[in-house]
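J.: Let me begin by handing over the structure; questions about it come next.
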Amino acid sequence: MWTQSDPGRPAKLTRDAVVACAVDLADREGLDAVSVRRVAAELAARPMSLYSFFKRKDDLVDLMVDRVLGEMLMPGALPEDWRVALKAVLHRQIEVGRRHMWVMGVFGARAPIGPNAARHADQSLQAVAGLGLPPQRTLRLLRAVDTYLWGFVTLGAQEFATRQRDSLTEEEWKATTDAYFADLVATGDLPRLAEAGRPGLLRGGIEEWIANFDEGLDWLLDGFAASL
């Protein structure tokens with residue numbers, strides 16, 4: 001042992017490092033791949049050492065969600081126009097959510113109330129502060145927008161989960177589902193769906209998806225603006 005170099009002390013394990021590793025693992029392999037033992041193996045640590053940061057896997061998932069919510073915060077000042085600001089906040093959520101598709105299925109199963117969730121709520125309130133509405137009315141607007149957003153992205157996440165389950169690239173998914181849809185409507189039994197085309201059953205590409213989201217959001221905000 002005297003001829004071996006001193007490797008030095010291993011880097012101290014931190015909660016941030018554990019959560020970052022768990023998020024990266026979920027991004028690569030899905031949330032089901034995340035376990036305390038697997039994360040510990042990725043960090044070359046003992047599983048029991050991770051329990052100094054949380055009591056159970058559910059706690060780890062809450063920490064993962066809050067970390068992603070931190071990424072969803074808009075950097076810098078928001079635009080002054082409330083609609084532009086709100087749309088920017090929502091687009092940021094979609095952009096970050098696409099990097100962490102597993103998070104879409106988590107929001108409906110738990111209440112995010114961590115520090116970054118609080119910062120995100122504050123930023124959303126700031127986006128519409130220029131309206132000068134009473135707090136209760138402001139919160140109802142943001143609840144309606146959040147419900148629309150997460151309903152929309154959940155549908156997109158369902159297709160991603162199917163692709164991931166079958167190990168298909170987006171191109172392979174599109175090719176196979178295009179062929180499936182063509183066979184489905186070829187019988188003539190589904191005339192309205194045939195007229196609507198593939199988007200009547202399946203999500204299109206990301207550009208089309210964002211355009212559909214923005215149009216629906218405009219309908220929602222137009223209705224709210226008309227009520228002022």
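Every chain in the structure tokens takes a letter, A first, then B, and so on in the order presented; its residues are numbered from 1, and the ligands are numbered from 1 following the presented order.
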Any idea what's packed within 8 Å of segment 96-112 of chain A, counting only C-alpha atoms, ignoring anything in its chain fewer than 3 positions away? Could you give it as a CSV table (one decimal) with all heavy atoms, in the first residue's frame?

T.:
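Produced file around10.csv, reproduced below:
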```csv
chain,number,residue,atom,x,y,z
A,23,VAL,N,-32.9,12.5,-10.8
A,23,VAL,CA,-33.6,13.1,-11.9
A,23,VAL,C,-32.9,12.7,-13.2
A,23,VAL,O,-33.7,12.4,-14.2
A,23,VAL,CB,-33.5,14.7,-11.8
A,23,VAL,CG1,-33.9,15.4,-13.1
A,23,VAL,CG2,-34.3,15.2,-10.6
A,26,ALA,N,-34.2,9.2,-14.0
A,26,ALA,CA,-35.6,9.2,-14.4
A,26,ALA,C,-35.7,9.7,-15.9
A,26,ALA,O,-36.5,9.2,-16.7
A,26,ALA,CB,-36.4,10.1,-13.5
A,27,ASP,N,-34.8,10.7,-16.2
A,27,ASP,CA,-34.8,11.2,-17.6
A,27,ASP,C,-34.4,10.1,-18.6
A,27,ASP,O,-34.9,10.0,-19.7
A,27,ASP,CB,-33.8,12.4,-17.7
A,27,ASP,CG,-34.3,13.6,-17.0
A,27,ASP,OD1,-35.5,13.7,-16.6
A,27,ASP,OD2,-33.5,14.5,-16.7
A,30,GLY,N,-36.9,6.5,-17.1
A,30,GLY,CA,-38.3,6.6,-16.6
A,30,GLY,C,-38.3,6.5,-15.0
A,30,GLY,O,-37.3,6.1,-14.4
A,31,LEU,N,-39.4,7.0,-14.4
A,31,LEU,CA,-39.4,7.1,-13.0
A,31,LEU,C,-39.4,5.7,-12.3
A,31,LEU,O,-38.9,5.6,-11.2
A,31,LEU,CB,-40.7,7.9,-12.6
A,31,LEU,CG,-40.8,8.2,-11.1
A,31,LEU,CD1,-39.7,9.1,-10.6
A,31,LEU,CD2,-42.2,8.9,-10.8
A,62,ASP,N,-40.6,13.7,-4.3
A,62,ASP,CA,-41.0,15.1,-4.1
A,62,ASP,C,-39.8,16.1,-4.3
A,62,ASP,O,-39.9,17.2,-4.8
A,62,ASP,CB,-41.5,15.2,-2.6
A,62,ASP,CG,-42.9,14.7,-2.5
A,62,ASP,OD1,-43.6,14.6,-3.5
A,62,ASP,OD2,-43.3,14.3,-1.3
A,65,VAL,N,-39.2,16.5,-8.0
A,65,VAL,CA,-40.2,17.4,-8.6
A,65,VAL,C,-39.9,18.8,-8.3
A,65,VAL,O,-39.9,19.7,-9.2
A,65,VAL,CB,-41.6,17.0,-8.1
A,65,VAL,CG1,-42.6,18.1,-8.5
A,65,VAL,CG2,-42.1,15.7,-8.6
A,66,ASP,N,-39.5,19.1,-7.1
A,66,ASP,CA,-39.1,20.5,-6.7
A,66,ASP,C,-37.9,20.9,-7.5
A,66,ASP,O,-37.8,22.1,-7.8
A,66,ASP,CB,-38.9,20.6,-5.2
A,66,ASP,CG,-39.1,22.0,-4.7
A,66,ASP,OD1,-40.2,22.6,-4.9
A,66,ASP,OD2,-38.1,22.6,-4.3
A,68,VAL,N,-37.1,20.0,-10.5
A,68,VAL,CA,-37.5,20.3,-11.9
A,68,VAL,C,-38.3,21.7,-11.9
A,68,VAL,O,-38.2,22.5,-12.8
A,68,VAL,CB,-38.4,19.2,-12.4
A,68,VAL,CG1,-39.0,19.6,-13.8
A,68,VAL,CG2,-37.5,17.9,-12.6
A,71,GLU,N,-36.1,24.5,-12.3
A,71,GLU,CA,-35.7,24.7,-13.7
A,71,GLU,C,-36.8,25.4,-14.5
A,71,GLU,O,-36.5,26.1,-15.5
A,71,GLU,CB,-35.4,23.4,-14.4
A,71,GLU,CG,-34.2,22.6,-13.9
A,71,GLU,CD,-33.9,21.3,-14.6
A,71,GLU,OE1,-34.2,21.3,-15.9
A,71,GLU,OE2,-33.6,20.3,-14.0
A,72,MET,N,-38.0,25.3,-14.0
A,72,MET,CA,-39.1,25.9,-14.8
A,72,MET,C,-39.3,27.4,-14.5
A,72,MET,O,-40.0,28.1,-15.2
A,72,MET,CB,-40.4,25.2,-14.4
A,72,MET,CG,-40.6,23.8,-15.0
A,72,MET,SD,-42.1,23.0,-14.6
A,72,MET,CE,-42.0,21.5,-15.5
A,92,ARG,N,-42.1,28.1,-20.8
A,92,ARG,CA,-40.9,27.6,-20.0
A,92,ARG,C,-41.2,26.3,-19.4
A,92,ARG,O,-40.4,25.4,-19.4
A,92,ARG,CB,-40.6,28.7,-19.0
A,92,ARG,CG,-39.4,28.3,-18.1
A,92,ARG,CD,-38.1,28.2,-18.8
A,92,ARG,NE,-37.0,27.9,-17.8
A,92,ARG,CZ,-35.8,27.8,-18.2
A,92,ARG,NH1,-35.4,27.9,-19.4
A,92,ARG,NH2,-34.9,27.5,-17.3
A,93,GLN,N,-42.4,26.1,-18.8
A,93,GLN,CA,-42.8,24.9,-18.2
A,93,GLN,C,-42.8,23.7,-19.2
A,93,GLN,O,-42.3,22.6,-18.9
A,93,GLN,CB,-44.2,25.0,-17.6
A,93,GLN,CG,-44.2,25.8,-16.3
A,93,GLN,CD,-45.6,25.9,-15.7
A,93,GLN,OE1,-46.3,26.9,-15.9
A,93,GLN,NE2,-46.0,24.9,-15.1
A,117,ALA,N,-41.5,25.1,-5.7
A,117,ALA,CA,-43.0,25.2,-6.1
A,117,ALA,C,-43.5,26.6,-5.6
A,117,ALA,O,-44.3,27.2,-6.3
A,117,ALA,CB,-43.7,24.1,-5.4
A,150,TRP,N,-51.7,21.3,-17.7
A,150,TRP,CA,-51.4,20.0,-17.3
A,150,TRP,C,-52.2,18.9,-18.0
A,150,TRP,O,-51.8,17.8,-18.2
A,150,TRP,CB,-51.3,19.8,-15.8
A,150,TRP,CG,-50.2,20.7,-15.2
A,150,TRP,CD1,-50.3,21.8,-14.5
A,150,TRP,CD2,-48.8,20.4,-15.5
A,150,TRP,NE1,-49.0,22.3,-14.2
A,150,TRP,CE2,-48.1,21.5,-14.8
A,150,TRP,CE3,-48.1,19.5,-16.2
A,150,TRP,CZ2,-46.7,21.6,-14.8
A,150,TRP,CZ3,-46.7,19.6,-16.2
A,150,TRP,CH2,-46.0,20.6,-15.5
A,153,VAL,N,-50.5,18.7,-21.5
A,153,VAL,CA,-49.2,18.0,-21.5
A,153,VAL,C,-49.3,16.5,-21.1
A,153,VAL,O,-48.5,15.7,-21.5
A,153,VAL,CB,-48.1,18.7,-20.6
A,153,VAL,CG1,-47.9,20.1,-21.1
A,153,VAL,CG2,-48.5,18.7,-19.2
A,154,THR,N,-50.3,16.2,-20.2
A,154,THR,CA,-50.5,14.8,-19.8
A,154,THR,C,-50.8,14.0,-21.0
A,154,THR,O,-50.3,12.8,-21.1
A,154,THR,CB,-51.6,14.7,-18.8
A,154,THR,OG1,-51.2,15.4,-17.6
A,154,THR,CG2,-51.9,13.3,-18.4
A,157,ALA,N,-47.6,13.3,-22.8
A,157,ALA,CA,-46.8,12.4,-22.0
A,157,ALA,C,-47.2,11.0,-22.2
A,157,ALA,O,-46.4,10.0,-22.1
A,157,ALA,CB,-46.8,12.8,-20.5
A,160,PHE,N,-45.5,9.7,-25.1
A,160,PHE,CA,-44.1,9.5,-24.8
A,160,PHE,C,-43.9,8.2,-24.1
A,160,PHE,O,-43.0,7.4,-24.3
A,160,PHE,CB,-43.6,10.7,-24.1
A,160,PHE,CG,-42.2,10.5,-23.6
A,160,PHE,CD1,-41.1,10.7,-24.4
A,160,PHE,CD2,-41.9,10.0,-22.3
A,160,PHE,CE1,-39.8,10.5,-24.0
A,160,PHE,CE2,-40.6,9.8,-21.8
A,160,PHE,CZ,-39.5,10.1,-22.7
```

J.: Between A:Leu13, A:Leu90, A:Leu155, A:Met48, which one has atoms that come closest to Leu202 of chain A, using only C-alpha atoms?

T.: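 The closest residue to Leu202 of chain A is A:Leu155.
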
J.: A:Ala88, A:Leu25, A:Leu50, A:Ala33: which is nearest Val128 of chain A, counting only C-alpha atoms?

T.: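 When distances to Val128 of chain A are compared using only C-alpha atoms, the smallest one comes from A:Ala88.
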
J.: Which of these, A:Trp219, A:Phe224, A:Phe213, A:Trp82, has the shortest distance to Gly151 of chain A once you count only C-alpha atoms?

T.: A:Phe213

J.: Counting only C-alpha atoms, which of A:Phe54, A:Ile210, A:Leu193, A:Arg137 gets nearest to His91 of chain A?

T.: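 With only C-alpha atoms as the atom set, the closest residue is A:Ile210.
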
J.: I'd like the contact shell of segment 171-177 of chain A - 9 Å cut-off, only C-alpha atoms, skipping same-chain residues fewer than 4 positions apart - returned as JSON, numbers by chain.

T.: {"A": [163, 181, 182, 198, 202, 204, 205]}

J.: Keeping only all heavy atoms, write the selected residues as a CSV table (one decimal), in the first residue's frame.

T.:
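This went into result-v8.csv:
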```csv
chain,number,residue,atom,x,y,z
A,163,ARG,N,-44.1,5.3,-26.4
A,163,ARG,CA,-42.9,5.1,-27.2
A,163,ARG,C,-41.8,4.5,-26.3
A,163,ARG,O,-41.0,3.7,-26.8
A,163,ARG,CB,-42.5,6.5,-27.7
A,163,ARG,CG,-43.4,7.0,-28.9
A,163,ARG,CD,-42.6,8.0,-29.7
A,163,ARG,NE,-42.4,9.3,-29.0
A,163,ARG,CZ,-41.3,9.7,-28.5
A,163,ARG,NH1,-40.2,9.0,-28.7
A,163,ARG,NH2,-41.2,10.9,-27.9
A,181,PHE,N,-53.1,4.3,-38.5
A,181,PHE,CA,-54.2,5.2,-38.8
A,181,PHE,C,-54.8,5.0,-40.2
A,181,PHE,O,-56.0,5.0,-40.4
A,181,PHE,CB,-53.8,6.6,-38.5
A,181,PHE,CG,-54.9,7.6,-38.6
A,181,PHE,CD1,-55.8,7.9,-37.6
A,181,PHE,CD2,-55.1,8.3,-39.8
A,181,PHE,CE1,-56.8,8.7,-37.7
A,181,PHE,CE2,-56.2,9.2,-39.9
A,181,PHE,CZ,-57.0,9.4,-38.9
A,182,ALA,N,-53.9,4.9,-41.2
A,182,ALA,CA,-54.3,4.7,-42.5
A,182,ALA,C,-55.2,3.5,-42.7
A,182,ALA,O,-56.3,3.5,-43.3
A,182,ALA,CB,-53.1,4.6,-43.5
A,198,ARG,N,-54.8,12.3,-38.9
A,198,ARG,CA,-54.1,11.7,-37.8
A,198,ARG,C,-54.2,12.4,-36.5
A,198,ARG,O,-54.4,11.8,-35.4
A,198,ARG,CB,-52.6,11.5,-38.2
A,198,ARG,CG,-51.8,10.8,-37.2
A,198,ARG,CD,-50.3,10.8,-37.7
A,198,ARG,NE,-49.5,9.9,-36.8
A,198,ARG,CZ,-48.9,10.3,-35.7
A,198,ARG,NH1,-49.1,11.5,-35.2
A,198,ARG,NH2,-48.2,9.4,-35.0
A,202,LEU,N,-54.1,11.1,-32.7
A,202,LEU,CA,-52.7,11.1,-32.2
A,202,LEU,C,-52.1,12.5,-32.3
A,202,LEU,O,-52.5,13.2,-33.2
A,202,LEU,CB,-51.9,10.1,-33.0
A,202,LEU,CG,-52.3,8.6,-32.9
A,202,LEU,CD1,-51.9,7.9,-34.2
A,202,LEU,CD2,-51.7,8.0,-31.7
A,204,GLY,N,-49.5,15.4,-33.0
A,204,GLY,CA,-48.6,15.6,-34.1
A,204,GLY,C,-47.2,15.9,-33.6
A,204,GLY,O,-46.9,15.7,-32.5
A,205,GLY,N,-46.4,16.6,-34.5
A,205,GLY,CA,-45.0,16.9,-34.1
A,205,GLY,C,-45.1,18.1,-33.1
A,205,GLY,O,-46.1,18.7,-32.8
```

J.: Any idea what's packed within 12 Å of Tyr51 of chain A, counting only C-alpha atoms, ignoring anything in its chain fewer than 2 positions away? Could you give it as a compact mmCIF listing (two decimals) with all heavy atoms, in the first residue's frame?

T.:
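This went into around-v3.txt:
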```txt
# COMPACT_ATOMS: atom_id res chain seq x y z
N LEU A 13 -21.10 13.28 -0.06
CA LEU A 13 -22.42 13.08 -0.65
C LEU A 13 -23.36 14.16 -0.12
O LEU A 13 -23.43 14.41 1.07
CB LEU A 13 -22.95 11.70 -0.28
CG LEU A 13 -24.12 11.14 -1.09
CD1 LEU A 13 -23.72 10.98 -2.55
CD2 LEU A 13 -24.56 9.81 -0.51
N THR A 14 -24.07 14.82 -1.03
CA THR A 14 -25.01 15.87 -0.64
C THR A 14 -26.41 15.52 -1.14
O THR A 14 -26.57 14.71 -2.06
CB THR A 14 -24.61 17.23 -1.23
OG1 THR A 14 -24.69 17.16 -2.67
CG2 THR A 14 -23.19 17.61 -0.82
N ARG A 15 -27.40 16.13 -0.54
CA ARG A 15 -28.78 15.89 -0.98
C ARG A 15 -28.96 16.36 -2.42
O ARG A 15 -29.64 15.70 -3.21
CB ARG A 15 -29.77 16.61 -0.06
CG ARG A 15 -31.21 16.27 -0.39
CD ARG A 15 -32.18 16.77 0.66
NE ARG A 15 -32.43 18.19 0.52
CZ ARG A 15 -33.37 18.85 1.21
NH1 ARG A 15 -34.11 18.20 2.09
NH2 ARG A 15 -33.56 20.13 1.03
N VAL A 18 -27.65 13.75 -4.76
CA VAL A 18 -28.53 12.58 -4.80
C VAL A 18 -29.75 12.87 -5.67
O VAL A 18 -30.13 12.06 -6.53
CB VAL A 18 -28.98 12.18 -3.37
CG1 VAL A 18 -30.06 11.10 -3.42
CG2 VAL A 18 -27.78 11.70 -2.56
N SER A 35 -34.88 3.98 -7.74
CA SER A 35 -35.02 3.38 -6.42
C SER A 35 -33.83 3.84 -5.59
O SER A 35 -32.81 4.30 -6.15
CB SER A 35 -35.03 1.84 -6.50
OG SER A 35 -33.76 1.36 -6.92
N VAL A 36 -33.94 3.75 -4.29
CA VAL A 36 -32.84 4.17 -3.43
C VAL A 36 -31.59 3.35 -3.74
O VAL A 36 -30.48 3.88 -3.85
CB VAL A 36 -33.24 4.04 -1.95
CG1 VAL A 36 -32.04 4.34 -1.05
CG2 VAL A 36 -34.39 5.00 -1.63
N ARG A 37 -31.77 2.06 -3.93
CA ARG A 37 -30.62 1.19 -4.21
C ARG A 37 -29.97 1.55 -5.55
O ARG A 37 -28.74 1.60 -5.66
CB ARG A 37 -31.08 -0.27 -4.21
CG ARG A 37 -29.96 -1.29 -4.40
CD ARG A 37 -30.47 -2.70 -4.22
NE ARG A 37 -30.96 -2.94 -2.88
CZ ARG A 37 -30.16 -3.24 -1.85
NH1 ARG A 37 -28.86 -3.36 -2.04
NH2 ARG A 37 -30.68 -3.43 -0.66
N VAL A 39 -30.11 4.47 -7.22
CA VAL A 39 -29.46 5.78 -7.14
C VAL A 39 -28.14 5.67 -6.38
O VAL A 39 -27.12 6.26 -6.77
CB VAL A 39 -30.39 6.82 -6.47
CG1 VAL A 39 -29.65 8.14 -6.24
CG2 VAL A 39 -31.62 7.06 -7.34
N ALA A 40 -28.15 4.90 -5.29
CA ALA A 40 -26.92 4.70 -4.53
C ALA A 40 -25.84 4.05 -5.40
O ALA A 40 -24.66 4.45 -5.36
CB ALA A 40 -27.20 3.84 -3.31
N ALA A 45 -22.37 4.76 -3.70
CA ALA A 45 -22.58 4.98 -2.27
C ALA A 45 -23.38 3.83 -1.67
O ALA A 45 -23.96 3.02 -2.39
CB ALA A 45 -23.32 6.30 -2.07
N ARG A 46 -23.39 3.75 -0.36
CA ARG A 46 -24.19 2.74 0.32
C ARG A 46 -25.66 3.20 0.34
O ARG A 46 -25.93 4.37 0.63
CB ARG A 46 -23.70 2.53 1.75
CG ARG A 46 -22.32 1.92 1.86
CD ARG A 46 -21.89 1.75 3.31
NE ARG A 46 -21.77 3.03 4.00
CZ ARG A 46 -22.65 3.50 4.88
NH1 ARG A 46 -23.73 2.78 5.17
NH2 ARG A 46 -22.45 4.65 5.45
N PRO A 47 -26.60 2.30 0.05
CA PRO A 47 -28.02 2.71 0.07
C PRO A 47 -28.44 3.38 1.36
O PRO A 47 -29.17 4.38 1.36
CB PRO A 47 -28.77 1.40 -0.17
CG PRO A 47 -27.80 0.56 -0.94
CD PRO A 47 -26.44 0.91 -0.40
N MET A 48 -27.97 2.86 2.49
CA MET A 48 -28.38 3.42 3.77
C MET A 48 -27.91 4.86 3.95
O MET A 48 -28.54 5.64 4.68
CB MET A 48 -27.85 2.56 4.93
CG MET A 48 -28.53 1.20 5.04
SD MET A 48 -30.34 1.32 5.20
CE MET A 48 -30.47 2.19 6.76
N SER A 49 -26.83 5.23 3.26
CA SER A 49 -26.33 6.60 3.42
C SER A 49 -27.28 7.63 2.83
O SER A 49 -27.27 8.80 3.21
CB SER A 49 -24.94 6.73 2.76
OG SER A 49 -25.03 6.57 1.35
N PHE A 53 -30.98 11.79 3.95
CA PHE A 53 -31.56 12.93 3.25
C PHE A 53 -33.08 12.83 3.11
O PHE A 53 -33.75 13.82 2.88
CB PHE A 53 -30.95 13.04 1.85
CG PHE A 53 -29.45 13.16 1.85
CD1 PHE A 53 -28.66 12.16 1.29
CD2 PHE A 53 -28.83 14.25 2.41
CE1 PHE A 53 -27.28 12.26 1.29
CE2 PHE A 53 -27.45 14.37 2.42
CZ PHE A 53 -26.68 13.37 1.86
N PHE A 54 -33.63 11.65 3.23
CA PHE A 54 -35.09 11.45 3.13
C PHE A 54 -35.43 10.10 3.76
O PHE A 54 -34.55 9.25 3.95
CB PHE A 54 -35.56 11.49 1.67
CG PHE A 54 -34.70 10.69 0.72
CD1 PHE A 54 -34.85 9.32 0.62
CD2 PHE A 54 -33.73 11.32 -0.05
CE1 PHE A 54 -34.05 8.58 -0.23
CE2 PHE A 54 -32.92 10.58 -0.90
CZ PHE A 54 -33.09 9.22 -1.00
N LYS A 55 -36.73 9.93 4.08
CA LYS A 55 -37.14 8.72 4.79
C LYS A 55 -37.56 7.59 3.87
O LYS A 55 -37.46 6.42 4.22
CB LYS A 55 -38.30 9.05 5.74
CG LYS A 55 -37.90 9.97 6.89
CD LYS A 55 -39.09 10.24 7.80
CE LYS A 55 -38.69 11.15 8.96
NZ LYS A 55 -39.85 11.43 9.85
N ARG A 56 -38.09 7.95 2.67
CA ARG A 56 -38.60 6.92 1.76
C ARG A 56 -38.54 7.45 0.33
O ARG A 56 -38.27 8.62 0.10
CB ARG A 56 -40.04 6.55 2.12
CG ARG A 56 -40.99 7.73 2.21
CD ARG A 56 -42.34 7.34 2.78
NE ARG A 56 -43.27 8.47 2.77
CZ ARG A 56 -43.35 9.37 3.74
NH1 ARG A 56 -42.55 9.28 4.79
NH2 ARG A 56 -44.23 10.35 3.66
N LYS A 57 -38.82 6.57 -0.63
CA LYS A 57 -38.72 6.95 -2.03
C LYS A 57 -39.68 8.09 -2.37
O LYS A 57 -39.35 8.97 -3.17
CB LYS A 57 -39.00 5.75 -2.94
CG LYS A 57 -38.92 6.12 -4.43
CD LYS A 57 -39.28 4.99 -5.35
CE LYS A 57 -39.38 5.46 -6.81
NZ LYS A 57 -39.72 4.38 -7.74
N ASP A 58 -40.88 8.10 -1.79
CA ASP A 58 -41.82 9.18 -2.06
C ASP A 58 -41.22 10.54 -1.75
O ASP A 58 -41.47 11.53 -2.46
CB ASP A 58 -43.11 8.98 -1.24
CG ASP A 58 -44.07 8.01 -1.92
OD1 ASP A 58 -43.84 7.70 -3.11
OD2 ASP A 58 -45.03 7.57 -1.27
N ASP A 59 -40.45 10.61 -0.68
CA ASP A 59 -39.79 11.87 -0.33
C ASP A 59 -38.77 12.25 -1.40
O ASP A 59 -38.64 13.43 -1.75
CB ASP A 59 -39.08 11.75 1.02
CG ASP A 59 -40.06 11.53 2.17
OD1 ASP A 59 -41.25 11.85 1.99
OD2 ASP A 59 -39.63 11.05 3.24
N LEU A 60 -38.05 11.26 -1.91
CA LEU A 60 -37.08 11.52 -2.98
C LEU A 60 -37.78 12.05 -4.22
O LEU A 60 -37.31 13.01 -4.85
CB LEU A 60 -36.32 10.24 -3.31
CG LEU A 60 -35.37 10.31 -4.53
CD1 LEU A 60 -34.31 11.40 -4.34
CD2 LEU A 60 -34.71 8.96 -4.79
```

J.: For Leu139 of chain A, which residue among A:Phe152, A:Val34, A:Ala194, A:Leu125 is the nearest when counting only C-alpha atoms?

T.: A:Leu125

J.: What's around Gly130 of chain A at 12 Å? Count only C-alpha atoms, leave out sequence neighbours fewer than 6 positions away in its own chain, and write the answer as a VMD selection string.

T.: chain A and resid 78 to 86 124 138

J.: What is the distance between atom CA of Ile206 of chain A and atom CA of Thr169 of chain A, in Å to one decimal?

T.: 14.1 Å
